[in-house]
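Notes follow once the structure below has been shown.
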Amino acid sequence: MKIALLGTRGIPARYGGFETFAEELCARLVERGHEPTVYGRTNNVGRPGPLYRGVRLVVLPTVSHKYFDTLVHTCLATFHLLFHRHHVALFCNGANAVFTVLPRLLGMPTVLNVDGLDRQRKKWNAFARSWYRMSEWLTKWFPTAVVADAAVIQKYYAETYGRKTHLISYGAPAHKVLTKAALDPLGLDPGGYFLYVSRMEPENNALLVVRAFEQTNVPHKLVMVGDAPYAKDYIRRVQSTDDPRIVFTGAVFGDGYHELQSHCLAYIQATEVGGVHPALIEAMGRGAPVLFLDTPENREVAGGVGLMYSKDERSLASIMESVASMSTDELADLSKSSHERVRKRYDWETVVDRYEELFCQLAGVSHSNETASRTAR
């Protein structure tokens with residue numbers, strides 16, 4: 001099948017969860033004999049070659065603006081798609097619901113991955129929040145199918161709009177990376193640091209994490225990984241700390257990112273908006289004990305294997321101090337539980353199976369025939 005993916009910044013993944021999802025899903029679809037195309041933005045991926053990991057790339061211009069970047073690019077990508085027929089088109093980001101109807105009217109089934117309830121993000125003004133709410137409403141009619149990555153999001157769309165969704169989560173590798181090249185330049189020792197990874201925007205609570213850590217007396221470091229293109233004032237507040245134990249790395253991708261996850265003492269998840277957060281399940285897959293903010297989505301992912309804290313500095317500081325004083329065996333138990341949960345629930349191949357099955361169903365192709373054909377190849 002020819003499968004188009006729209007709505008992300010493109011691949012190679014250099015920004016966030018949707019980009020990682022696009023790369024991992026489409027590279028595996030290539031391995032299964034499909035022909036995926038990922039639409040990317042010139043302000044994120046530049047102009048690479050025509051293929052990456054076997055995935056066809058179409059890089060189009062956009063407007064580098066907080067409110068219009070995604071919409072302008074997805075609009076251009078959609079019109080390009082109308083003249084380049086695919087068996088199915090997957091749109092990422094609920095804000096793009098309006099664009100899913102045009103390909104569908106021309107006979108191309110469309111799938112919308114809505115992610116979380118992005119209208120709750122503090123960075124959006126009243127217009128943007130209204131657009132997101134309208135987009136939620138449009139999911140009732142415009143896309144052929146809707147994907148939710150968390151049961152709590154699936155329940156929301158069913159109860160609020162009566163829209164049936166397919167529950168397909170993100171995936172993550174379930175093994176540690178043994179190399180440690182990224183640690184030395186940052187002055188880090190394996191097991192000697194807490195790790196936070198996220199875009200540094202208010203609803204991701206980077207400032208809460210920094211201030212909570214400042215209240216501890218632990219000998220470990222805190223590594224803050226992330227950046228954000230439209231949150232410079234907030235990032236300055238986060239980085240204004242005088243605590244020498246806190247290390248800011250900016251955005252980190254590839255091997256360095258995997259190494260930081262694999263060798264941390266514990267991973268801190270502080271997001272309060274969104275569905276399944278890829279960084280959380282990736283850290284769990286690397287065997288990191290996780291400390292997570294009490295939200296329905298985070299409980300769904302890490303409940304039962306992680307340590308939960310409420311949204312106040314003292315609550316998180318107390319759990320950090322508790323983890324820092326744990327025995328080797330206690331930490332090993334938490335690590336094993338994290339790893340096993342990802343291995344059983346968030347395996348990438350299982351995720352791709354679910355998407356492939358959905359795409360085949362929408363395109364009128366037998367999934368069993370696709371599997372048999374792939375086995376024969």
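Labels for the structure tokens follow display order: chains A, B, ..., residues from 1 in each chain, ligands from 1.
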
* To do: Find the residues around stretch 244-259 of chain A up to 7 Å (only C-alpha atoms counted), leave out those fewer than 2 positions away in its own chain, and share them as a list of chain:residue names.
  => A:Arg14, A:Val177, A:Thr179, A:Lys180, A:Ala182, A:Lys221, A:Leu222, A:Val223, A:Met224, A:Val225, A:Gly226, A:Asp227, A:Asp242, A:Gln261, A:Ser262, A:His263

Using only N, CA and C atoms, please write the residues we just selected to a file, as a short mmCIF file (atom, residue, chain, number, x, y, z; two decimals), in the first residue's frame.
```
data_model
loop_
_atom_site.label_atom_id
_atom_site.label_comp_id
_atom_site.auth_asym_id
_atom_site.auth_seq_id
_atom_site.Cartn_x
_atom_site.Cartn_y
_atom_site.Cartn_z
N ARG A 14 13.37 15.17 14.96
CA ARG A 14 14.21 16.15 15.65
C ARG A 14 13.39 17.11 16.49
N VAL A 177 20.52 0.80 26.35
CA VAL A 177 21.67 1.08 25.49
C VAL A 177 22.91 1.04 26.37
N THR A 179 26.16 1.80 25.58
CA THR A 179 27.15 2.85 25.40
C THR A 179 26.84 4.05 26.30
N LYS A 180 27.88 4.84 26.60
CA LYS A 180 27.73 5.95 27.55
C LYS A 180 28.42 7.23 27.05
N ALA A 182 27.49 9.91 25.72
CA ALA A 182 26.87 11.21 26.00
C ALA A 182 27.07 11.66 27.44
N LYS A 221 22.61 14.48 40.35
CA LYS A 221 22.33 15.61 39.47
C LYS A 221 20.93 15.49 38.88
N LEU A 222 20.46 16.57 38.34
CA LEU A 222 19.20 16.60 37.59
C LEU A 222 19.52 17.06 36.17
N VAL A 223 19.20 16.23 35.20
CA VAL A 223 19.47 16.55 33.79
C VAL A 223 18.15 16.94 33.13
N MET A 224 18.10 18.17 32.64
CA MET A 224 16.91 18.71 32.00
C MET A 224 17.13 18.75 30.49
N VAL A 225 16.43 17.87 29.77
CA VAL A 225 16.58 17.76 28.33
C VAL A 225 15.34 18.33 27.65
N GLY A 226 15.53 19.27 26.73
CA GLY A 226 14.40 19.79 25.99
C GLY A 226 14.56 21.24 25.62
N ASP A 227 13.71 21.68 24.75
CA ASP A 227 13.67 23.06 24.27
C ASP A 227 12.25 23.31 23.78
N ASP A 242 20.32 28.63 40.43
CA ASP A 242 21.73 28.71 40.82
C ASP A 242 22.26 27.37 41.32
N GLN A 261 18.67 8.08 28.78
CA GLN A 261 17.55 7.31 29.34
C GLN A 261 18.03 6.02 30.00
N SER A 262 18.98 5.36 29.37
CA SER A 262 19.39 4.03 29.81
C SER A 262 20.17 4.05 31.12
N HIS A 263 20.81 5.17 31.45
CA HIS A 263 21.72 5.18 32.60
C HIS A 263 21.30 6.13 33.72
#
```

* To do: Tell me, as number ranges by chain, which residues lie within 9 Å of stretch 143-156 of chain A, counting only C-alpha atoms; anything in the same chain fewer than 4 positions away does not count.
  => A: 97-101, 104, 109-117, 138-139, 160-170, 274-276, 296-297, 300-301, 358, 362

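The closest residue to A:Thr70, picked from A:Leu188, A:Val58, A:Ala128, A:Leu105 and counting only C-alpha atoms, is A:Ala128.
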
* To do: Report the residues of stretch 134-288 of chain A whose backbone DSSP state falls under helix (DSSP H, G or I), written as a ChimeraX atom specification.
  => /A:134-138,151-161,184-186,202-204,206-214,232-238,254-262,278-285

* Considering only C-alpha atoms, return as JSON, numbers by chain whatever protein or nucleic-acid residues lie within 8 Å of A:Thr37, sequence-local ones (same chain, fewer than 6 positions apart) excluded. => {"A": [2, 3, 4, 5, 26, 55, 56, 57, 58]}

* Asked: Pick the closest to A:Phe213 from A:Asn96, A:Asn43, A:Ser318, A:Thr295: which is it, counting only C-alpha atoms?
  ->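 Closest candidate: A:Ser318.
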
* Asked: Any idea what's packed within 12 Å of A:Ser322, counting only C-alpha atoms, ignoring anything in its chain fewer than 3 positions away? Could you give it as a ChimeraX atom specification?
  -> /A:216-218,265-266,291,307,309,315-319,325-327,330-331

Can those selected residues be exported to a file as a PDB file, in the first residue's frame so that it contains N, CA and C atoms?
```
ATOM      1  N   THR A 216      15.852  19.480  47.550  1.00  0.00           N
ATOM      2  CA  THR A 216      16.447  18.227  48.025  1.00  0.00           C
ATOM      3  C   THR A 216      17.910  18.431  48.416  1.00  0.00           C
ATOM      4  N   ASN A 217      18.412  17.469  49.145  1.00  0.00           N
ATOM      5  CA  ASN A 217      19.835  17.456  49.523  1.00  0.00           C
ATOM      6  C   ASN A 217      20.550  16.246  48.919  1.00  0.00           C
ATOM      7  N   VAL A 218      20.014  15.693  47.864  1.00  0.00           N
ATOM      8  CA  VAL A 218      20.585  14.481  47.287  1.00  0.00           C
ATOM      9  C   VAL A 218      21.904  14.807  46.586  1.00  0.00           C
ATOM     10  N   LEU A 265      19.281   7.428  37.103  1.00  0.00           N
ATOM     11  CA  LEU A 265      18.785   6.832  38.346  1.00  0.00           C
ATOM     12  C   LEU A 265      17.280   6.654  38.272  1.00  0.00           C
ATOM     13  N   ALA A 266      16.582   7.672  37.765  1.00  0.00           N
ATOM     14  CA  ALA A 266      15.131   7.628  37.598  1.00  0.00           C
ATOM     15  C   ALA A 266      14.720   8.685  36.586  1.00  0.00           C
ATOM     16  N   LEU A 291       9.078   8.447  38.003  1.00  0.00           N
ATOM     17  CA  LEU A 291       8.298   9.277  38.905  1.00  0.00           C
ATOM     18  C   LEU A 291       7.341  10.058  38.021  1.00  0.00           C
ATOM     19  N   LEU A 307       6.264   5.630  40.563  1.00  0.00           N
ATOM     20  CA  LEU A 307       5.990   6.338  41.813  1.00  0.00           C
ATOM     21  C   LEU A 307       5.290   7.642  41.470  1.00  0.00           C
ATOM     22  N   TYR A 309       3.395  11.363  42.127  1.00  0.00           N
ATOM     23  CA  TYR A 309       3.446  12.554  42.974  1.00  0.00           C
ATOM     24  C   TYR A 309       2.368  13.537  42.542  1.00  0.00           C
ATOM     25  N   SER A 315       5.917  17.438  47.203  1.00  0.00           N
ATOM     26  CA  SER A 315       5.570  16.056  46.882  1.00  0.00           C
ATOM     27  C   SER A 315       6.633  15.417  45.998  1.00  0.00           C
ATOM     28  N   LEU A 316       7.051  16.130  44.948  1.00  0.00           N
ATOM     29  CA  LEU A 316       8.077  15.592  44.062  1.00  0.00           C
ATOM     30  C   LEU A 316       9.422  15.524  44.755  1.00  0.00           C
ATOM     31  N   ALA A 317       9.777  16.539  45.527  1.00  0.00           N
ATOM     32  CA  ALA A 317      11.063  16.530  46.235  1.00  0.00           C
ATOM     33  C   ALA A 317      11.156  15.338  47.168  1.00  0.00           C
ATOM     34  N   SER A 318      10.056  15.024  47.852  1.00  0.00           N
ATOM     35  CA  SER A 318      10.050  13.898  48.784  1.00  0.00           C
ATOM     36  C   SER A 318      10.295  12.574  48.076  1.00  0.00           C
ATOM     37  N   ILE A 319       9.675  12.404  46.891  1.00  0.00           N
ATOM     38  CA  ILE A 319       9.870  11.156  46.151  1.00  0.00           C
ATOM     39  C   ILE A 319      11.290  11.072  45.594  1.00  0.00           C
ATOM     40  N   SER A 325      17.591   7.291  48.145  1.00  0.00           N
ATOM     41  CA  SER A 325      18.011   6.481  49.292  1.00  0.00           C
ATOM     42  C   SER A 325      17.675   5.001  49.135  1.00  0.00           C
ATOM     43  N   MET A 326      17.131   4.595  48.002  1.00  0.00           N
ATOM     44  CA  MET A 326      16.749   3.195  47.792  1.00  0.00           C
ATOM     45  C   MET A 326      17.966   2.299  47.642  1.00  0.00           C
ATOM     46  N   SER A 327      17.780   1.059  48.001  1.00  0.00           N
ATOM     47  CA  SER A 327      18.840   0.069  47.832  1.00  0.00           C
ATOM     48  C   SER A 327      18.948  -0.339  46.372  1.00  0.00           C
ATOM     49  N   GLU A 330      16.002  -2.570  45.426  1.00  0.00           N
ATOM     50  CA  GLU A 330      14.745  -1.841  45.254  1.00  0.00           C
ATOM     51  C   GLU A 330      14.711  -1.133  43.894  1.00  0.00           C
ATOM     52  N   LEU A 331      15.808  -0.523  43.527  1.00  0.00           N
ATOM     53  CA  LEU A 331      15.874   0.136  42.224  1.00  0.00           C
ATOM     54  C   LEU A 331      15.778  -0.875  41.089  1.00  0.00           C
TER      55      LEU A 331
END
```

* Determine which residues of stretch 113-162 of chain A receive a DSSP assignment of strand (DSSP E or B), computed from the backbone, and state them as a list in words. =>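 In stretch 113-162 of chain A, DSSP puts these residues in strand (DSSP E or B): Asn113, Ala145, Val146, Val147 and Ala148 of chain A.
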
Same residues, C-alpha atoms, saved as a short mmCIF file (atom, residue, chain, number, x, y, z; two decimals), in the first residue's frame:
```cif
data_model
loop_
_atom_site.label_atom_id
_atom_site.label_comp_id
_atom_site.auth_asym_id
_atom_site.auth_seq_id
_atom_site.Cartn_x
_atom_site.Cartn_y
_atom_site.Cartn_z
CA ASN A 113 -4.49 10.58 15.30
CA ALA A 145 -11.32 6.76 11.22
CA VAL A 146 -9.93 8.28 14.42
CA VAL A 147 -7.06 6.91 16.53
CA ALA A 148 -6.63 7.66 20.23
#
```

* Asked: What does the distance between atom CA of A:Val305 and atom CA of A:Ala212 come to in Å, to one decimal place?
  ->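 Computed distance, atom CA of A:Val305 to atom CA of A:Ala212, equals 21.9 Å.
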
* Structure fact -> From the list A:Ala89, A:Val352, A:Met320, A:Ala288, the nearest residue to A:Ala332 using only C-alpha atoms is A:Ala288

* To do: Just the residues within 9 Å of A:Gly10, please, counting only C-alpha atoms, with nothing from its chain fewer than 5 positions along; format it as a ChimeraX atom specification.
  => /A:15,18-19,22-23,38-42,44-45,57-59

* Would you mind telling me which residue in A:Gly306, A:Pro173, A:Pro229, A:Gly191 lies nearest to A:Gly16 when using only C-alpha atoms? =>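 Selected residue with least distance to A:Gly16: A:Pro229.
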
* Go through A:Arg9, A:His87, A:His220, A:Arg121 one by one, measure the shortest atom-to-atom distance of each to A:Gly364 using only C-alpha atoms, and give the residue with the smallest value. =>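 So, comparing all the options, the nearest one is A:His87.
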